[in-house]
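Q: work-v5.cif (mmCIF, C-alpha atoms) pasted underneath:
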data_final
loop_
_atom_site.label_atom_id
_atom_site.label_comp_id
_atom_site.auth_asym_id
_atom_site.auth_seq_id
_atom_site.Cartn_x
_atom_site.Cartn_y
_atom_site.Cartn_z
CA MET Y 1 0.00 0.00 0.00
CA VAL Y 2 1.11 3.57 -0.74
CA VAL Y 3 0.94 6.02 2.17
CA GLY Y 4 -0.56 9.25 0.85
CA GLY Y 5 -2.03 10.35 -2.44
CA GLY Y 6 -0.09 13.58 -2.85
CA CYS Y 7 2.90 14.24 -5.09
CA TYR Y 8 5.02 11.41 -3.67
CA GLY Y 9 2.19 8.85 -3.59
CA THR Y 10 1.22 9.77 -7.15
CA PHE Y 11 4.80 9.24 -8.31
CA TYR Y 12 5.16 5.89 -6.53
CA ALA Y 13 1.82 4.49 -7.76
CA SER Y 14 2.66 5.62 -11.29
CA GLN Y 15 6.11 4.04 -11.17
CA LEU Y 16 4.70 0.75 -9.89
CA ALA Y 17 2.18 0.69 -12.74
CA LYS Y 18 4.95 1.31 -15.27
CA ALA Y 19 7.14 -1.39 -13.76
CA LYS Y 20 4.31 -3.92 -13.87
CA ALA Y 21 3.43 -3.03 -17.47
CA ARG Y 22 7.06 -3.60 -18.48
CA GLY Y 23 7.36 -6.90 -16.63
CA LYS Y 24 9.75 -5.60 -13.99
CA THR Y 25 7.49 -6.41 -11.04
CA ASP Y 26 4.12 -7.94 -10.24
CA TYR Y 27 1.52 -7.34 -7.55
CA ARG Y 28 -2.10 -8.10 -6.76
CA LYS Y 29 -3.24 -4.54 -6.04
CA VAL Y 30 -1.90 -1.13 -5.04
CA LEU Y 31 -3.83 0.58 -2.26
CA VAL Y 32 -3.38 4.36 -2.12
CA VAL Y 33 -4.49 5.64 1.30
CA ASP Y 34 -5.31 9.31 1.79
CA ARG Y 35 -7.97 11.08 3.85
CA ASN Y 36 -8.64 13.43 0.93
CA PRO Y 37 -11.17 11.86 -1.46
CA GLY Y 38 -9.95 14.18 -4.22
CA CYS Y 39 -6.24 13.58 -3.71
CA GLN Y 40 -3.77 14.15 -6.53
CA ALA Y 41 -3.23 10.45 -7.21
CA ARG Y 42 -6.94 9.81 -7.70
CA ARG Y 43 -7.26 12.82 -10.00
CA GLU Y 44 -4.23 12.04 -12.13
CA LEU Y 45 -4.14 8.24 -12.14
CA GLY Y 46 -7.71 7.12 -11.51
CA GLY Y 47 -8.79 3.67 -10.45
CA ALA Y 48 -7.82 0.42 -12.15
CA ALA Y 49 -8.32 -3.30 -11.71
CA ASP Y 50 -5.09 -3.40 -9.73
CA ARG Y 51 -5.30 0.04 -8.09
CA GLU Y 52 -7.69 1.06 -5.31
CA PHE Y 53 -8.07 4.32 -3.40
CA VAL Y 54 -8.91 4.23 0.29
CA THR Y 55 -10.26 7.46 1.80
CA ARG Y 56 -9.18 7.19 5.40
CA ASP Y 57 -6.84 8.61 8.01
CA TRP Y 58 -3.53 6.72 7.95
CA SER Y 59 -3.56 5.87 11.65
CA ALA Y 60 -7.09 4.47 11.51
CA PHE Y 61 -6.25 2.49 8.38
CA PHE Y 62 -3.21 0.85 9.98
CA GLU Y 63 -5.22 0.01 13.11
CA ASP Y 64 -7.30 -2.34 10.98
CA TRP Y 65 -4.89 -3.38 8.25
CA LEU Y 66 -1.99 -4.39 10.51
CA SER Y 67 -4.09 -6.04 13.19
CA GLU Y 68 -3.45 -9.71 13.95
CA ALA Y 69 -7.22 -10.29 13.95
CA PRO Y 70 -8.54 -11.91 10.74
CA ARG Y 71 -10.05 -9.25 8.48
CA THR Y 72 -10.89 -8.95 4.80
CA THR Y 73 -8.18 -6.23 4.57
CA HIS Y 74 -5.63 -8.30 6.52
CA PRO Y 75 -2.20 -8.03 4.83
CA ALA Y 76 -0.71 -11.09 3.22
CA PRO Y 77 2.83 -12.12 4.29
CA ASP Y 78 4.36 -10.42 1.26
CA ASP Y 79 2.38 -7.16 1.43
CA GLN Y 80 4.51 -4.02 1.36
CA ILE Y 81 4.22 -0.45 2.65
CA VAL Y 82 5.49 2.42 0.50
CA PRO Y 83 6.13 5.42 2.77
CA SER Y 84 6.46 9.07 1.85
CA PRO Y 85 9.87 10.52 2.77
CA HIS Y 86 8.13 13.28 4.74
CA MET Y 87 5.44 11.30 6.54
CA PRO Y 88 5.22 11.07 10.34
CA HIS Y 89 6.76 8.06 12.07
CA LEU Y 90 3.51 6.15 11.52
CA MET Y 91 4.78 2.66 12.27
CA PHE Y 92 6.12 3.72 15.65
CA GLU Y 93 2.78 5.36 16.40
CA TRP Y 94 1.10 2.03 15.63
CA VAL Y 95 3.32 -0.12 17.88
CA LEU Y 96 3.02 2.51 20.63
CA ARG Y 97 -0.78 2.32 20.50
CA ARG Y 98 -0.57 -1.47 20.54
CA ALA Y 99 1.62 -1.38 23.65
CA ARG Y 100 -0.81 0.90 25.48
CA GLU Y 101 -3.72 -1.36 24.57
CA ARG Y 102 -1.76 -4.44 25.69
CA TRP Y 103 -0.75 -2.99 29.07
CA PRO Y 104 -3.50 -0.50 30.08
CA LYS Y 105 -2.39 -0.44 33.74
CA ARG Y 106 1.30 -0.11 33.00
CA SER Y 107 3.36 2.98 32.25
CA VAL Y 108 4.02 3.15 28.50
CA SER Y 109 5.89 6.28 27.42
CA VAL Y 110 8.15 7.72 24.76
CA GLU Y 111 11.54 8.96 25.90
CA PRO Y 112 14.33 10.73 23.99
CA VAL Y 113 16.73 8.25 22.38
CA PRO Y 114 19.99 8.47 24.38
CA GLY Y 115 23.54 7.78 23.32
CA GLU Y 116 25.87 8.82 20.55
CA VAL Y 117 24.70 7.76 17.09
CA ARG Y 118 27.87 8.98 15.31
CA THR Y 119 26.21 10.20 12.13
CA PRO Y 120 26.91 13.59 10.51
CA TYR Y 121 23.25 14.60 10.86
CA ASP Y 122 21.60 14.03 14.22
CA ARG Y 123 18.59 16.06 15.34
CA SER Y 124 15.74 15.52 17.77
CA GLY Y 125 12.33 16.66 16.62
CA GLY Y 126 10.08 18.75 18.80
CA GLY Y 127 6.76 17.63 20.19
CA PRO Y 128 5.66 14.70 22.32
CA ASP Y 129 6.93 11.92 20.03
CA ALA Y 130 10.60 12.73 20.80
CA THR Y 131 11.68 11.32 17.44
CA ARG Y 132 15.41 11.46 16.74
CA TYR Y 133 16.30 11.96 13.07
CA VAL Y 134 19.68 10.70 11.93
CA SER Y 135 21.43 10.56 8.58
CA TRP Y 136 24.78 9.64 7.11
CA ALA Y 137 24.35 12.44 4.58
CA ASP Y 138 25.53 15.95 5.39
CA TRP Y 139 24.51 17.07 1.89
CA ILE Y 140 21.22 17.45 0.01
CA CYS Y 141 20.35 14.06 -1.44
CA PRO Y 142 19.02 13.71 -5.02
CA THR Y 143 15.24 13.42 -5.26
CA HIS Y 144 14.07 9.78 -5.26
CA CYS Y 145 17.60 8.50 -4.63
CA ILE Y 146 17.65 4.69 -4.49
CA GLU Y 147 20.74 4.67 -2.22
CA PRO Y 148 22.98 2.62 -4.50
CA ALA Y 149 26.39 1.25 -3.52
CA LEU Y 150 27.96 4.20 -5.35
CA CYS Y 151 26.53 7.32 -3.73
CA PRO Y 152 25.46 9.78 -6.47
CA ALA Y 153 25.89 12.79 -4.17
CA ILE Y 154 29.59 12.23 -3.46
CA GLY Y 155 30.57 10.05 -6.42
CA ALA Y 156 32.15 7.47 -4.12
CA SER Y 157 31.27 4.15 -2.53
CA ARG Y 158 28.67 4.19 0.23
CA THR Y 159 30.51 2.81 3.26
CA TRP Y 160 27.61 2.96 5.72
CA GLU Y 161 24.38 1.11 6.44
CA MET Y 162 21.92 2.69 8.86
CA GLY Y 163 20.75 -0.69 10.16
CA ASP Y 164 24.27 -1.43 11.42
CA THR Y 165 24.43 2.05 12.95
CA VAL Y 166 21.23 1.60 14.95
CA ARG Y 167 22.15 -1.91 16.06
CA GLY Y 168 25.48 -0.55 17.25
CA LEU Y 169 23.66 2.11 19.27
CA ALA Y 170 21.47 -0.53 20.93
CA GLU Y 171 24.54 -2.59 21.84
CA ARG Y 172 26.27 0.41 23.42
CA LEU Y 173 23.17 1.27 25.42
CA ARG Y 174 22.94 -2.30 26.74
CA ALA Y 175 26.63 -2.23 27.60
CA SER Y 176 26.01 0.90 29.67
CA GLY Y 177 23.43 -0.98 31.73
CA ARG Y 178 20.20 0.21 30.13
CA PRO Y 179 17.47 -2.44 29.65
CA VAL Y 180 17.26 -1.86 25.89
CA SER Y 181 15.72 -4.47 23.60
CA GLY Y 182 15.81 -4.50 19.83
CA PRO Y 183 16.15 -2.57 17.73
CA ALA Y 184 12.85 -3.15 15.98
CA LEU Y 185 13.64 -1.85 12.49
CA PHE Y 186 11.33 -1.11 9.60
CA VAL Y 187 13.80 -0.96 6.73
CA CYS Y 188 12.75 0.83 3.55
CA LYS Y 189 14.65 -0.56 0.56
CA HIS Y 190 14.44 0.30 -3.12
CA GLN Y 191 12.58 -2.37 -5.08
CA VAL Y 192 11.82 -1.06 -8.56
CA TYR Y 193 11.75 2.18 -10.59
CA GLY Y 194 12.63 4.42 -7.67
CA VAL Y 195 10.07 2.96 -5.25
CA GLY Y 196 11.22 1.99 -1.76
CA MET Y 197 9.16 -0.11 0.63
CA PHE Y 198 9.19 -2.30 3.74
CA SER Y 199 7.02 -5.29 4.59
CA ALA Y 200 3.88 -5.20 6.68
CA GLU Y 201 5.17 -8.35 8.35
CA SER Y 202 8.28 -6.50 9.59
CA VAL Y 203 6.01 -4.04 11.42
CA ARG Y 204 4.08 -6.84 13.05
CA ALA Y 205 7.38 -8.53 13.95
CA GLY Y 206 8.41 -5.30 15.68
CA ASP Y 207 5.17 -5.38 17.65
CA ARG Y 208 5.91 -8.95 18.74
CA LEU Y 209 9.41 -7.89 19.80
CA ILE Y 210 7.89 -5.24 22.06
CA GLU Y 211 5.44 -7.77 23.47
CA ASP Y 212 8.31 -10.15 24.28
CA ALA Y 213 10.38 -7.36 25.85
CA GLY Y 214 7.55 -6.50 28.22
CA ALA Y 215 6.49 -10.05 29.03
CA SER Y 216 8.55 -10.33 32.24
CA GLY Y 217 6.86 -7.34 33.82
CA GLU Y 218 10.19 -5.68 34.53
CA PRO Y 219 11.03 -2.18 33.26
CA ALA Y 220 12.07 -2.27 29.61
CA GLU Y 221 13.16 0.01 26.80
CA ILE Y 222 12.72 -0.84 23.13
CA LEU Y 223 14.58 1.01 20.40
CA VAL Y 224 12.38 1.38 17.31
CA GLY Y 225 13.41 2.81 13.96
CA THR Y 226 12.07 3.42 10.48
CA ILE Y 227 15.20 3.54 8.35
CA SER Y 228 16.71 3.31 4.90
CA SER Y 229 20.37 2.70 4.12
CA CYS Y 230 21.24 6.34 4.79
CA HIS Y 231 18.52 7.90 6.96
CA GLY Y 232 16.47 7.02 10.01
CA ALA Y 233 13.79 8.11 12.47
CA LEU Y 234 14.37 6.62 15.94
CA ASN Y 235 12.22 6.37 19.05
CA LEU Y 236 12.59 4.77 22.49
CA LEU Y 237 9.46 3.08 23.82
CA THR Y 238 9.70 2.73 27.60
CA LEU Y 239 7.71 0.28 29.73
CA GLY Y 240 7.38 0.70 33.46
CA ALA Y 241 7.26 -2.28 35.84
CA ARG Y 242 4.02 -4.22 35.99
CA THR Y 243 2.01 -3.20 39.04
#
Will you turn the file into structure tokens for me?
A:
Amino acid sequence: MVVGGGCYGTFYASQLAKAKARGKTDYRKVLVVDRNPGCQARRELGGAADREFVTRDWSAFFEDWLSEAPRTTHPAPDDQIVPSPHMPHLMFEWVLRRARERWPKRSVSVEPVPGEVRTPYDRSGGGPDATRYVSWADWICPTHCIEPALCPAIGASRTWEMGDTVRGLAERLRASGRPVSGPALFVCKHQVYGVGMFSAESVRAGDRLIEDAGASGEPAEILVGTISSCHGALNLLTLGART
């Protein structure tokens, strides 16, 4: 499914259609989710046998679509999520809501991600979500960059992988004595014609990781990230002791 029917969602849905027409990929259906019934993608692309528009808030859509409960909209094991590069950290919001539903009498909070990430770009966003944005790029990246092995911005080999960076952070936090589990990573990778995506199953696996981390009833911290090879949005979900 494509998150958003604006300029990015229109581009991604269009590219997927082109890739399928040219035999470069195959899929059952593309869902384009946007709360605006007259979104750009609907106006410019229109419906098709393998394209459907869902007029709904993203958070409400994911509540149903990612649920473990059997539903007609339940994602298949190979279903993919195509995010916009400027969307909120929606997958973290989903696992956070799941944690609060799972432990209604337990403290479930979001804390600033501690520790040194060691990337050139490292900023914490404002607001209650305390998201930490990190990047290996200290330059303006090309639009729709697919993050190849040879970085087009610097004309040299890409020597970094954000997944390794975040796992290293989690290891250092554990070594310092913090009860950090994970990381639960939702990794967006280029698949075809400039379209990056991560699996719905990886999000549900992250939710199971959080459930396992909190199963003992002891205080726990779970590092959660939506990342690509170069960039990432990180959060720390904190569980208080079971009372």
Q: As an MDAnalysis selection string, please: the residues near Val30 of chain Y (cut-off 7 Å, only C-alpha atoms, same-chain neighbours under 3 positions excluded).
A: chainID Y and resid 1 50:52
Q: Please evaluate the PyMOL selection byres ((chain Y and resi 4-6) around 9) against the structure above and give the resulting residues as an MDAnalysis selection string.
A: chainID Y and resid 2:3 7:11 13 32:36 38:42 53 58 83:84 87
Q: Within 7 Å of Val180 of chain Y, counting only C-alpha atoms, which residues qualify if same-chain residues fewer than 4 places away don't, as an MDAnalysis selection string?
A: chainID Y and resid 170 173:174 220:223
Q: For Ala149 of chain Y, which residue among Y:Thr119, Y:Ser176, Y:Gly196, Y:Cys230 is the nearest when counting all atoms listed in the file?
A: Y:Cys230
Q: Please compute the atom CA of Val195 of chain Y-atom CA of Tyr12 of chain Y distance, one decimal, in Å.
A: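 Spanning atom CA of Val195 of chain Y to atom CA of Tyr12 of chain Y is a straight-line distance of 5.9 Å.
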Q: Once the PyMOL selection byres ((chain Y and resi 91) around 9) has been evaluated on this model, what residues remain selected, and can you format them as a ChimeraX atom specification?
A: /Y:59,62,88-90,92-96,186,203,225-226
Q: What gap, in Å, lies between atom CA of Lys20 of chain Y and atom CA of Ile81 of chain Y?
A: 16.9 Å
Q: Going by the chain IDs and residue numbers used in this file, which residues fall under the PyMOL selection byres ((chain Y and resi 131) around 12)? Write them as a short mmCIF file (atom, residue, chain, number, x, y, z; two decimals) with C-alpha atoms, keeping the file's coordinate frame.
A:
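The resulting file, part.cif, is reproduced below:
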data_model
loop_
_atom_site.label_atom_id
_atom_site.label_comp_id
_atom_site.auth_asym_id
_atom_site.auth_seq_id
_atom_site.Cartn_x
_atom_site.Cartn_y
_atom_site.Cartn_z
CA PRO Y 88 5.22 11.07 10.34
CA HIS Y 89 6.76 8.06 12.07
CA LEU Y 90 3.51 6.15 11.52
CA PHE Y 92 6.12 3.72 15.65
CA GLU Y 93 2.78 5.36 16.40
CA VAL Y 110 8.15 7.72 24.76
CA GLU Y 111 11.54 8.96 25.90
CA PRO Y 112 14.33 10.73 23.99
CA VAL Y 113 16.73 8.25 22.38
CA PRO Y 114 19.99 8.47 24.38
CA ASP Y 122 21.60 14.03 14.22
CA ARG Y 123 18.59 16.06 15.34
CA SER Y 124 15.74 15.52 17.77
CA GLY Y 125 12.33 16.66 16.62
CA GLY Y 126 10.08 18.75 18.80
CA GLY Y 127 6.76 17.63 20.19
CA PRO Y 128 5.66 14.70 22.32
CA ASP Y 129 6.93 11.92 20.03
CA ALA Y 130 10.60 12.73 20.80
CA ARG Y 132 15.41 11.46 16.74
CA TYR Y 133 16.30 11.96 13.07
CA VAL Y 134 19.68 10.70 11.93
CA LEU Y 223 14.58 1.01 20.40
CA VAL Y 224 12.38 1.38 17.31
CA GLY Y 225 13.41 2.81 13.96
CA THR Y 226 12.07 3.42 10.48
CA GLY Y 232 16.47 7.02 10.01
CA ALA Y 233 13.79 8.11 12.47
CA LEU Y 234 14.37 6.62 15.94
CA ASN Y 235 12.22 6.37 19.05
CA LEU Y 236 12.59 4.77 22.49
CA LEU Y 237 9.46 3.08 23.82
#
Q: Considering only C-alpha atoms, can you say which of Y:Leu66, Y:Ala60, Y:Leu150, Y:Met162 comes closest to Ala205 of chain Y?
A: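 Among Y:Leu66, Y:Ala60, Y:Leu150, Y:Met162, it is Y:Leu66 that comes nearest to Ala205 of chain Y.
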Q: To one decimal place, how far is atom CA of Cys145 of chain Y from atom CA of Gly194 of chain Y in Å?
A: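 Interatomic distance, atom CA of Cys145 of chain Y to atom CA of Gly194 of chain Y: 7.1 Å.
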Q: Neighbours of Ser216 of chain Y within 12 Å (only C-alpha atoms; same-chain residues fewer than 6 positions away dropped), as a PyMOL selection string?
A: chain Y and resi 210+239-243
Q: Considering only C-alpha atoms, state which residue in the set Y:Ala215, Y:Ala48, Y:Ile227, Y:Ala17 is at the smallest distance from Ala184 of chain Y.
A: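 Of the candidates, the smallest distance to Ala184 of chain Y is held by Y:Ile227.
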Q: Find the residue from Y:Ser181, Y:Thr55, Y:Ser202, Y:Thr143 that sits nearest to Asp79 of chain Y; use only C-alpha atoms when measuring.
A: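 Once distances to Asp79 of chain Y are computed over only C-alpha atoms, the minimum belongs to Y:Ser202.
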Q: For Arg178 of chain Y, which residue out of Y:Asp26, Y:Arg100, Y:Pro219, Y:Glu211 is the nearest one, using all atoms listed in the file?
A: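 Checking each of Y:Asp26, Y:Arg100, Y:Pro219, Y:Glu211 against Arg178 of chain Y, counting all atoms listed in the file, the winner is Y:Pro219.
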